[in-house]
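Raw work.cif, mmCIF, C-alpha atoms (C1' of nucleotides):
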```cif
data_run
#
loop_
_atom_site.label_atom_id
_atom_site.label_comp_id
_atom_site.auth_asym_id
_atom_site.auth_seq_id
_atom_site.Cartn_x
_atom_site.Cartn_y
_atom_site.Cartn_z
CA MET E 2 -20.24 15.94 -39.99
CA ARG E 3 -21.93 19.19 -40.93
CA GLU E 4 -25.12 18.10 -39.19
CA SER E 5 -23.43 16.94 -35.95
CA ARG E 6 -26.59 15.04 -35.08
CA PRO E 7 -28.57 12.12 -36.45
CA VAL E 8 -30.06 12.73 -39.89
CA ALA E 9 -32.54 10.85 -42.04
CA VAL E 10 -30.91 8.03 -44.00
CA GLU E 11 -30.53 8.87 -47.67
CA THR E 12 -28.97 6.99 -50.59
CA ARG E 13 -25.84 9.15 -50.30
CA HIS E 14 -25.30 7.78 -46.78
CA LEU E 15 -24.86 4.22 -47.99
CA ILE E 16 -21.22 3.15 -48.10
CA GLN E 17 -20.11 3.35 -51.70
CA ASP E 18 -17.83 1.03 -53.62
CA THR E 19 -15.41 3.88 -54.18
CA LEU E 20 -12.62 3.24 -56.61
CA PRO E 21 -11.02 6.68 -56.82
CA ALA E 22 -11.46 8.21 -60.27
CA ILE E 23 -8.24 8.50 -62.25
CA SER E 24 -7.89 12.15 -63.21
CA GLU E 25 -6.39 13.48 -66.46
CA GLY E 26 -3.01 14.08 -64.84
CA GLY E 27 -2.73 10.45 -63.80
CA ALA E 28 -2.84 10.49 -59.97
CA PRO E 29 -6.26 9.71 -58.47
CA ALA E 30 -7.84 12.86 -57.07
CA ALA E 31 -7.94 12.85 -53.27
CA GLU E 32 -11.59 12.12 -52.82
CA VAL E 33 -12.84 11.41 -49.32
CA SER E 34 -16.11 10.47 -47.79
CA GLN E 35 -17.67 13.13 -45.59
CA TYR E 36 -18.18 10.34 -43.01
CA ALA E 37 -15.44 9.52 -40.50
CA CYS E 38 -16.54 5.88 -40.26
CA GLN E 39 -15.38 5.36 -43.85
CA ARG E 40 -11.90 6.58 -43.07
CA ARG E 41 -8.92 4.22 -42.99
CA THR E 42 -7.54 5.53 -39.70
CA THR E 43 -8.31 8.39 -37.34
CA THR E 44 -4.76 9.03 -36.20
CA ASP E 45 -2.61 9.76 -39.27
CA ASN E 46 -2.65 13.31 -40.57
CA TYR E 47 -0.92 13.91 -43.89
CA ASN E 48 -1.93 17.57 -43.97
CA VAL E 49 -0.48 18.94 -40.73
CA VAL E 50 0.88 22.05 -42.48
CA PHE E 51 -2.66 23.02 -43.53
CA THR E 52 -4.58 21.82 -40.47
CA ASP E 53 -2.18 23.61 -38.09
CA ALA E 54 -2.82 26.81 -40.05
CA PHE E 55 -6.61 26.32 -39.92
CA GLU E 56 -6.49 25.60 -36.20
CA VAL E 57 -4.58 28.83 -35.57
CA LEU E 58 -7.26 30.77 -37.46
CA ALA E 59 -10.06 28.88 -35.65
CA GLU E 60 -8.50 29.72 -32.30
CA CYS E 61 -8.10 33.35 -33.31
CA TYR E 62 -11.80 33.56 -34.20
CA GLU E 63 -12.64 31.82 -30.91
CA PHE E 64 -10.67 34.48 -29.00
CA ASN E 65 -12.63 37.11 -30.91
CA GLN E 66 -15.95 35.39 -30.08
CA MET E 67 -16.68 34.70 -33.74
CA ASP E 68 -18.10 31.22 -33.18
CA GLY E 69 -19.33 30.67 -36.73
CA ARG E 70 -15.98 31.39 -38.40
CA CYS E 71 -14.19 29.43 -35.69
CA LEU E 72 -16.41 26.42 -36.41
CA ALA E 73 -15.85 26.80 -40.15
CA PHE E 74 -12.05 26.50 -39.81
CA ARG E 75 -12.34 23.63 -37.30
CA ARG E 76 -14.46 21.77 -39.89
CA ALA E 77 -12.00 22.60 -42.66
CA ALA E 78 -9.19 21.15 -40.51
CA SER E 79 -11.24 18.00 -39.82
CA VAL E 80 -11.84 17.47 -43.52
CA LEU E 81 -8.12 17.70 -44.35
CA LYS E 82 -7.26 15.36 -41.45
CA SER E 83 -9.53 12.76 -43.01
CA LEU E 84 -7.64 12.69 -46.33
CA PRO E 85 -5.65 9.55 -47.20
CA ARG E 86 -2.63 11.62 -48.32
CA GLY E 87 -1.21 15.12 -48.34
CA LEU E 88 -2.63 17.75 -50.70
CA SER E 89 -0.21 18.62 -53.47
CA SER E 90 -2.32 20.96 -55.57
CA LEU E 91 -5.27 23.32 -55.18
CA GLU E 92 -7.26 21.29 -57.74
CA GLU E 93 -7.46 18.42 -55.22
CA THR E 94 -9.63 20.60 -52.95
CA HIS E 95 -12.36 21.04 -55.57
CA SER E 96 -14.51 18.11 -54.45
CA LEU E 97 -13.98 18.63 -50.71
CA PRO E 98 -16.73 19.92 -48.41
CA CYS E 99 -16.32 22.80 -45.91
CA LEU E 100 -13.52 24.45 -47.91
CA GLY E 101 -14.53 27.81 -49.36
CA GLY E 102 -12.71 30.87 -50.65
CA HIS E 103 -10.74 31.72 -47.53
CA ALA E 104 -9.68 28.16 -46.73
CA LYS E 105 -8.61 27.51 -50.32
CA ALA E 106 -6.65 30.79 -50.41
CA ILE E 107 -4.75 29.69 -47.29
CA ILE E 108 -4.04 26.27 -48.83
CA GLY E 109 -2.83 27.94 -52.05
CA GLU E 110 -0.46 30.24 -50.17
CA ILE E 111 0.98 27.37 -48.15
CA LEU E 112 1.43 25.24 -51.29
CA GLN E 113 3.31 28.11 -52.96
CA HIS E 114 5.31 29.67 -50.11
CA GLY E 115 5.11 27.22 -47.22
CA ARG E 116 3.22 29.76 -45.10
CA ALA E 117 0.15 31.99 -45.20
CA PHE E 118 0.06 35.72 -44.50
CA ASP E 119 -3.12 35.70 -42.35
CA VAL E 120 -1.75 32.89 -40.19
CA GLU E 121 1.63 34.58 -39.70
CA LYS E 122 -0.17 37.77 -38.72
CA VAL E 123 -2.22 35.95 -36.06
CA LEU E 124 0.84 34.10 -34.71
CA SER E 125 2.73 37.37 -34.26
CA ASP E 126 -0.21 39.11 -32.58
CA GLU E 127 0.36 39.89 -28.90
CA ARG E 128 -3.28 39.43 -27.97
CA TYR E 129 -3.42 35.98 -29.63
CA GLN E 130 -0.15 34.89 -27.97
CA THR E 131 -1.32 36.03 -24.55
CA LEU E 132 -4.83 34.51 -24.75
CA LYS E 133 -3.21 31.28 -25.98
CA ILE E 134 -1.08 31.13 -22.81
CA PHE E 135 -3.97 32.07 -20.48
CA THR E 136 -6.34 29.47 -21.96
CA SER E 137 -3.66 26.80 -21.62
CA VAL E 138 -4.46 26.82 -17.89
CA PHE E 139 -7.07 24.19 -16.89
CA GLY E 140 -10.18 26.15 -15.88
CA VAL E 141 -9.42 29.24 -17.97
CA GLY E 142 -11.49 29.71 -21.13
CA PRO E 143 -11.67 32.55 -23.69
CA LYS E 144 -13.89 34.76 -21.52
CA THR E 145 -11.63 34.70 -18.47
CA ALA E 146 -8.50 35.06 -20.63
CA GLU E 147 -10.02 38.09 -22.36
CA LYS E 148 -10.94 39.65 -19.00
CA TRP E 149 -7.36 39.31 -17.78
CA TYR E 150 -5.97 40.67 -21.05
CA ARG E 151 -8.28 43.72 -20.89
CA SER E 152 -7.02 44.51 -17.41
CA GLY E 153 -3.48 44.70 -18.79
CA LEU E 154 -2.14 41.32 -17.62
CA ARG E 155 0.27 39.65 -20.08
CA SER E 156 1.79 36.56 -18.43
CA LEU E 157 0.94 33.75 -16.01
CA ASP E 158 3.34 35.32 -13.50
CA HIS E 159 1.32 38.56 -13.71
CA ILE E 160 -1.86 36.58 -12.95
CA LEU E 161 -0.32 34.83 -9.93
CA ALA E 162 1.17 38.09 -8.61
CA ASP E 163 -2.12 40.00 -8.87
CA GLN E 164 -3.77 40.12 -5.43
CA SER E 165 -7.12 41.28 -6.84
CA ILE E 166 -7.65 38.13 -8.96
CA GLN E 167 -9.87 35.51 -7.35
CA LEU E 168 -9.05 32.14 -8.92
CA ASN E 169 -11.80 29.54 -8.60
CA HIS E 170 -11.02 26.01 -7.38
CA MET E 171 -10.58 24.63 -10.91
CA GLN E 172 -8.17 27.45 -11.86
CA GLN E 173 -6.18 27.11 -8.61
CA ASN E 174 -5.58 23.48 -9.52
CA GLY E 175 -4.87 24.44 -13.11
CA PHE E 176 -2.00 26.67 -11.91
CA LEU E 177 -0.86 24.24 -9.18
CA HIS E 178 -0.43 21.36 -11.67
CA TYR E 179 0.29 23.50 -14.74
CA GLY E 180 3.58 21.83 -15.73
CA ASP E 181 2.23 18.31 -15.34
CA ILE E 182 -1.12 18.66 -17.06
CA SER E 183 0.20 20.67 -19.99
CA ARG E 184 2.69 17.85 -20.70
CA ALA E 185 1.53 14.98 -22.91
CA VAL E 186 0.29 11.74 -21.37
CA SER E 187 1.91 8.61 -22.85
CA LYS E 188 0.06 5.40 -23.73
CA ALA E 189 2.04 3.61 -20.96
CA GLU E 190 0.83 6.22 -18.45
CA ALA E 191 -2.75 5.80 -19.69
CA ARG E 192 -2.45 2.00 -19.28
CA ALA E 193 -1.08 2.44 -15.74
CA LEU E 194 -4.01 4.69 -14.79
CA THR E 195 -6.47 2.27 -16.38
CA LYS E 196 -5.02 -0.44 -14.12
CA VAL E 197 -5.32 1.79 -11.02
CA ILE E 198 -8.97 2.62 -11.82
CA GLY E 199 -9.68 -1.00 -12.84
CA GLU E 200 -8.43 -2.39 -9.52
CA THR E 201 -10.32 0.30 -7.62
CA VAL E 202 -13.57 -0.53 -9.45
CA GLN E 203 -12.98 -4.29 -9.06
CA ALA E 204 -12.55 -3.92 -5.29
CA ILE E 205 -15.96 -2.22 -5.05
CA THR E 206 -17.94 -4.46 -7.39
CA PRO E 207 -16.67 -7.65 -9.07
CA ASP E 208 -19.31 -7.51 -11.85
CA ALA E 209 -17.97 -4.38 -13.57
CA LEU E 210 -17.27 -3.44 -17.18
CA LEU E 211 -14.44 -0.98 -17.88
CA ALA E 212 -12.65 0.45 -20.91
CA LEU E 213 -10.04 3.05 -21.81
CA THR E 214 -11.70 5.45 -24.27
CA GLY E 215 -10.87 8.80 -25.90
CA GLY E 216 -7.81 9.21 -28.09
CA PHE E 217 -5.96 6.18 -26.70
CA ARG E 218 -8.78 3.87 -27.74
CA ARG E 219 -8.50 5.38 -31.23
CA GLY E 220 -4.84 4.31 -31.26
CA LYS E 221 -3.04 7.53 -30.29
CA GLU E 222 0.42 7.28 -28.67
CA PHE E 223 -0.03 10.48 -26.65
CA GLY E 224 -2.95 12.43 -25.30
CA HIS E 225 -3.67 15.33 -22.97
CA ASP E 226 -5.87 13.35 -20.62
CA VAL E 227 -7.07 9.81 -19.92
CA ASP E 228 -10.73 8.90 -20.48
CA ILE E 229 -12.11 5.81 -18.79
CA ILE E 230 -15.65 4.48 -18.85
CA PHE E 231 -17.01 1.86 -16.48
CA THR E 232 -20.28 0.53 -15.13
CA THR E 233 -21.76 -2.20 -12.95
CA LEU E 234 -24.10 -4.94 -14.19
CA GLU E 235 -26.46 -3.90 -11.42
CA LEU E 236 -28.68 -1.38 -13.21
CA GLY E 237 -29.18 1.81 -11.21
CA MET E 238 -26.02 1.40 -9.11
CA GLU E 239 -23.66 3.11 -11.61
CA GLU E 240 -23.68 6.49 -9.87
CA ASN E 241 -23.00 4.88 -6.49
CA LEU E 242 -20.09 3.04 -8.10
CA LEU E 243 -18.57 6.26 -9.42
CA LEU E 244 -18.96 7.97 -6.03
CA ALA E 245 -17.39 4.94 -4.30
CA VAL E 246 -14.47 5.01 -6.77
CA ILE E 247 -13.87 8.70 -6.03
CA LYS E 248 -13.91 8.00 -2.27
CA SER E 249 -11.43 5.17 -2.75
CA LEU E 250 -9.06 7.32 -4.85
CA GLU E 251 -9.17 9.92 -2.07
CA LYS E 252 -8.39 7.22 0.53
CA GLN E 253 -5.48 5.98 -1.63
CA GLY E 254 -4.09 9.53 -1.43
CA ILE E 255 -3.99 10.02 -5.22
CA LEU E 256 -6.99 12.33 -5.72
CA LEU E 257 -5.56 15.81 -6.32
CA TYR E 258 -8.73 17.40 -7.77
CA CYS E 259 -12.30 16.28 -8.40
CA ASP E 260 -15.20 17.91 -10.21
CA TYR E 261 -18.12 15.47 -9.95
CA GLN E 262 -21.19 15.84 -12.19
CA ALA E 263 -24.22 13.79 -11.26
CA SER E 264 -26.20 12.05 -13.99
CA THR E 265 -28.95 14.05 -15.68
CA PHE E 266 -29.84 11.03 -17.78
CA ASP E 267 -33.61 10.43 -17.97
CA LEU E 268 -35.02 8.15 -20.67
CA THR E 269 -38.48 9.75 -20.35
CA LYS E 270 -37.07 13.16 -21.24
CA VAL E 271 -34.79 12.19 -24.15
CA PRO E 272 -36.52 9.23 -25.84
CA ALA E 273 -36.00 9.76 -29.56
CA HIS E 274 -32.81 11.85 -29.89
CA SER E 275 -30.67 9.74 -27.63
CA PHE E 276 -27.29 10.95 -28.92
CA GLU E 277 -27.83 14.03 -26.81
CA ALA E 278 -28.02 11.71 -23.81
CA MET E 279 -24.29 10.92 -24.05
CA ASP E 280 -23.59 14.08 -22.13
CA HIS E 281 -25.93 13.17 -19.32
CA PHE E 282 -24.25 10.20 -17.63
CA ALA E 283 -22.60 10.53 -14.22
CA LYS E 284 -19.03 11.66 -14.75
CA CYS E 285 -16.10 13.37 -13.10
CA PHE E 286 -13.12 15.46 -14.21
CA LEU E 287 -10.14 14.53 -12.04
CA ILE E 288 -6.50 15.29 -11.53
CA LEU E 289 -4.75 12.16 -10.23
CA ARG E 290 -1.29 11.51 -8.83
CA LEU E 291 0.45 8.83 -10.90
CA GLU E 292 3.47 7.08 -9.34
CA ALA E 293 6.47 6.47 -11.62
CA SER E 294 6.75 2.93 -10.20
CA GLN E 295 3.34 2.07 -11.68
CA VAL E 296 4.32 2.98 -15.26
CA GLU E 297 6.18 0.20 -17.13
CA GLU E 298 8.08 2.57 -19.42
CA GLY E 299 8.47 5.25 -16.74
CA LEU E 300 6.84 8.67 -16.49
CA ASN E 301 6.81 11.12 -19.38
CA SER E 302 8.74 13.68 -17.31
CA PRO E 303 11.95 15.66 -17.79
CA VAL E 304 15.09 13.94 -16.41
CA GLU E 305 15.63 16.63 -13.78
CA ASP E 306 12.20 15.83 -12.28
CA ILE E 307 13.04 13.70 -9.22
CA ARG E 308 9.57 13.64 -7.58
CA GLY E 309 8.80 10.09 -8.72
CA TRP E 310 5.24 11.05 -9.67
CA ARG E 311 3.28 13.37 -11.95
CA ALA E 312 -0.26 14.76 -12.08
CA VAL E 313 -2.57 13.59 -14.90
CA ARG E 314 -6.01 14.74 -16.02
CA VAL E 315 -8.44 11.81 -15.90
CA ASP E 316 -12.12 11.71 -16.88
CA LEU E 317 -14.36 8.96 -15.55
CA VAL E 318 -17.81 8.24 -17.01
CA SER E 319 -20.31 5.82 -15.50
CA PRO E 320 -23.41 5.14 -17.66
CA PRO E 321 -26.16 2.67 -16.81
CA VAL E 322 -25.13 -0.75 -18.12
CA ASP E 323 -27.76 -0.78 -20.89
CA ARG E 324 -26.15 2.42 -22.31
CA TYR E 325 -22.56 1.22 -21.92
CA ALA E 326 -21.82 0.40 -25.58
CA PHE E 327 -23.46 3.62 -26.70
CA ALA E 328 -21.48 5.72 -24.20
CA LEU E 329 -18.27 3.92 -25.23
CA LEU E 330 -18.94 4.95 -28.84
CA GLY E 331 -19.62 8.53 -27.80
CA TRP E 332 -16.56 8.87 -25.56
CA THR E 333 -14.24 7.22 -28.08
CA GLY E 334 -14.90 10.40 -30.01
CA SER E 335 -13.10 12.07 -32.89
CA ARG E 336 -14.16 15.58 -33.79
CA VAL E 337 -15.21 14.48 -37.26
"C1'" DC Y 25 -29.66 35.35 -44.81
"C1'" DG Y 26 -29.80 32.11 -40.73
"C1'" DG Y 27 -27.53 28.29 -38.47
"C1'" DC Y 28 -23.54 26.50 -36.85
"C1'" DA Y 29 -23.34 20.07 -31.31
"C1'" DT Y 30 -24.42 18.72 -26.95
"C1'" DC D 11 -18.46 30.47 -16.90
"C1'" DG D 12 -15.75 26.10 -17.22
"C1'" DT D 13 -15.15 20.98 -18.63
"C1'" DA D 14 -15.71 16.75 -22.02
"C1'" DT D 15 -16.41 14.20 -26.57
"C1'" DG V 30 -16.48 31.03 -43.18
"C1'" DC V 31 -19.30 27.69 -45.34
"C1'" DC V 32 -23.65 25.86 -46.68
"C1'" DG V 33 -28.51 25.25 -47.83
#
```

Since I need it in another form, could you write the structure as structure tokens?
Amino acid sequence: MRESRPVAVETRHLIQDTLPAISEGGAPAAEVSQYACQRRTTTDNYNVVFTDAFEVLAECYEFNQMDGRCLAFRRAASVLKSLPRGLSSLEETHSLPCLGGHAKAIIGEILQHGRAFDVEKVLSDERYQTLKIFTSVFGVGPKTAEKWYRSGLRSLDHILADQSIQLNHMQQNGFLHYGDISRAVSKAEARALTKVIGETVQAITPDALLALTGGFRRGKEFGHDVDIIFTTLELGMEENLLLAVIKSLEKQGILLYCDYQASTFDLTKVPAHSFEAMDHFAKCFLILRLEASQVEEGLNSPVEDIRGWRAVRVDLVSPPVDRYAFALLGWTGSRV
DNA sequence: CGGCAT
DNA sequence: CGTAT
DNA sequence: GCCG
């Protein structure tokens, strides 16, 4: 995980026959592989109290453009998420990677008092609270949020009321569909959208491969978007397929927003380090209109919402067929 | 002290 | 700069 | 902030 790229295979990379060592106290020390593929599941988190705290600190450092420290706390959170049970003492952190003095101090405080001073301070900070709200808008990152904060703006209503602010297309859609796309997407909604995209793809080319990826493929019940990967068996036609799918969605009247990114994939330019190529397939970031009638368990919407539809963020990726399995692996993700 | 994913 | 994993 |  530290490397975040392929590394030379060493003895320590081989999967060990790990019977956890029984410590003096009796309970086996929480000892976990640094490799996500050796983890039992990728969805359970027995250390939410600690990982939530680390994620607050990571976000705070992100807002302050301290990328290194931000990354350090994101890694610390990932490590705790990979544990098979909740931490119950500081000693259990001794063998864990990516946890240093600061992270351990936070864990110690939370173990003792249920909260940590540094985290409480960040949570009560006006700048943090405001940047958190601004960056919750699709299309608004830390730089834009900071710019708005510096000019004295403190709420989304202030942003919308300010005549001098020029929202780009992505941000306009972020505000337009704010309620819908900040609400969780259910597994039933993801299945419904997979069916819509599947039928659309099928109508264009019968010899297609398609899969739901991202968090839902990892077994999550809820997500913040839907990731779908598909391709055609006809090598070289995958970009045309994606463009045809987008046109069809538009014709069906369900395409609310589309940011298309053409493939930059070129085998001759990235031969050896092909993991970098994952990013280079044709893809698009969409906002789609999902009809309530298409979702078996109904929409994940408040009861007072009588529209009969909701907007959902959907990402489509279309790799060449000989890269399909590889892209599926990449887009099934996990930060670890 | 430099690097930190693409 | 934003998005995604 | 953590690590090599």

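CA of Tyr129 in chain E sits 24.6 Å away from CA of Gln164 in chain E.
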
>> Evaluated on this file, the PyMOL selection byres ((chain D and resi 13) around 8) picks out some residues - which ones are they, written as a PyMOL selection string?
In response: (chain E and resi 140+286) or (chain D and resi 12+14)

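The residues returned by the PyMOL selection byres ((chain V and resi 33) around 10) on the shown structure are DG26 and DG27 of chain Y; DC31 and DC32 of chain V.
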
> How would you write, as a ChimeraX atom specification, the residues chosen by the PyMOL selection byres ((chain E and resi 312-321) around 7) on this structure?
Replying inline: /E:178,181-182,226-232,236-237,239-240,243,282-291,311,322-325,328

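Picture a line from CA of Arg184 in chain E to C1' of DA29 in chain Y; it runs 28.2 Å.
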
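If you look at CA of Leu211 in chain E and CA of Leu234 in chain E, they are 11.1 Å away from each other.
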
> Which residues of chain E are close to chain D, meaning at most 7 Å apart when you count all atoms listed in the file, and how do they look as a ChimeraX atom specification?
Replying inline: /E:140,142,331-332,334

Any chance you can output those residues with C-alpha atoms as a PDB file, keeping the file's coordinate frame?
```
ATOM      1  CA  GLY E 140     -10.180  26.150 -15.880  1.00  0.00           C
ATOM      2  CA  GLY E 142     -11.490  29.710 -21.130  1.00  0.00           C
ATOM      3  CA  GLY E 331     -19.620   8.530 -27.800  1.00  0.00           C
ATOM      4  CA  TRP E 332     -16.560   8.870 -25.560  1.00  0.00           C
ATOM      5  CA  GLY E 334     -14.900  10.400 -30.010  1.00  0.00           C
TER       6      GLY E 334
END
```

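Considering only C-alpha atoms (C1' of nucleotides), the residue among E:Ser165, E:Gly87, E:Ser156, E:His281 positioned nearest to chain Y is E:His281.
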
>> With all atoms listed in the file considered, list every residue of chain E at most 12 Å from chain V, as a ChimeraX atom specification.
In response: /E:3-4,55,58-59,62,67-77,97-105

>> Applying 8 Å and all atoms listed in the file, which residues near Ala78 in chain E remain after dropping the ones on its own chain fewer than 4 positions away? List them as a PyMOL selection string.
In response: chain E and resi 51-53+55-56+74+82
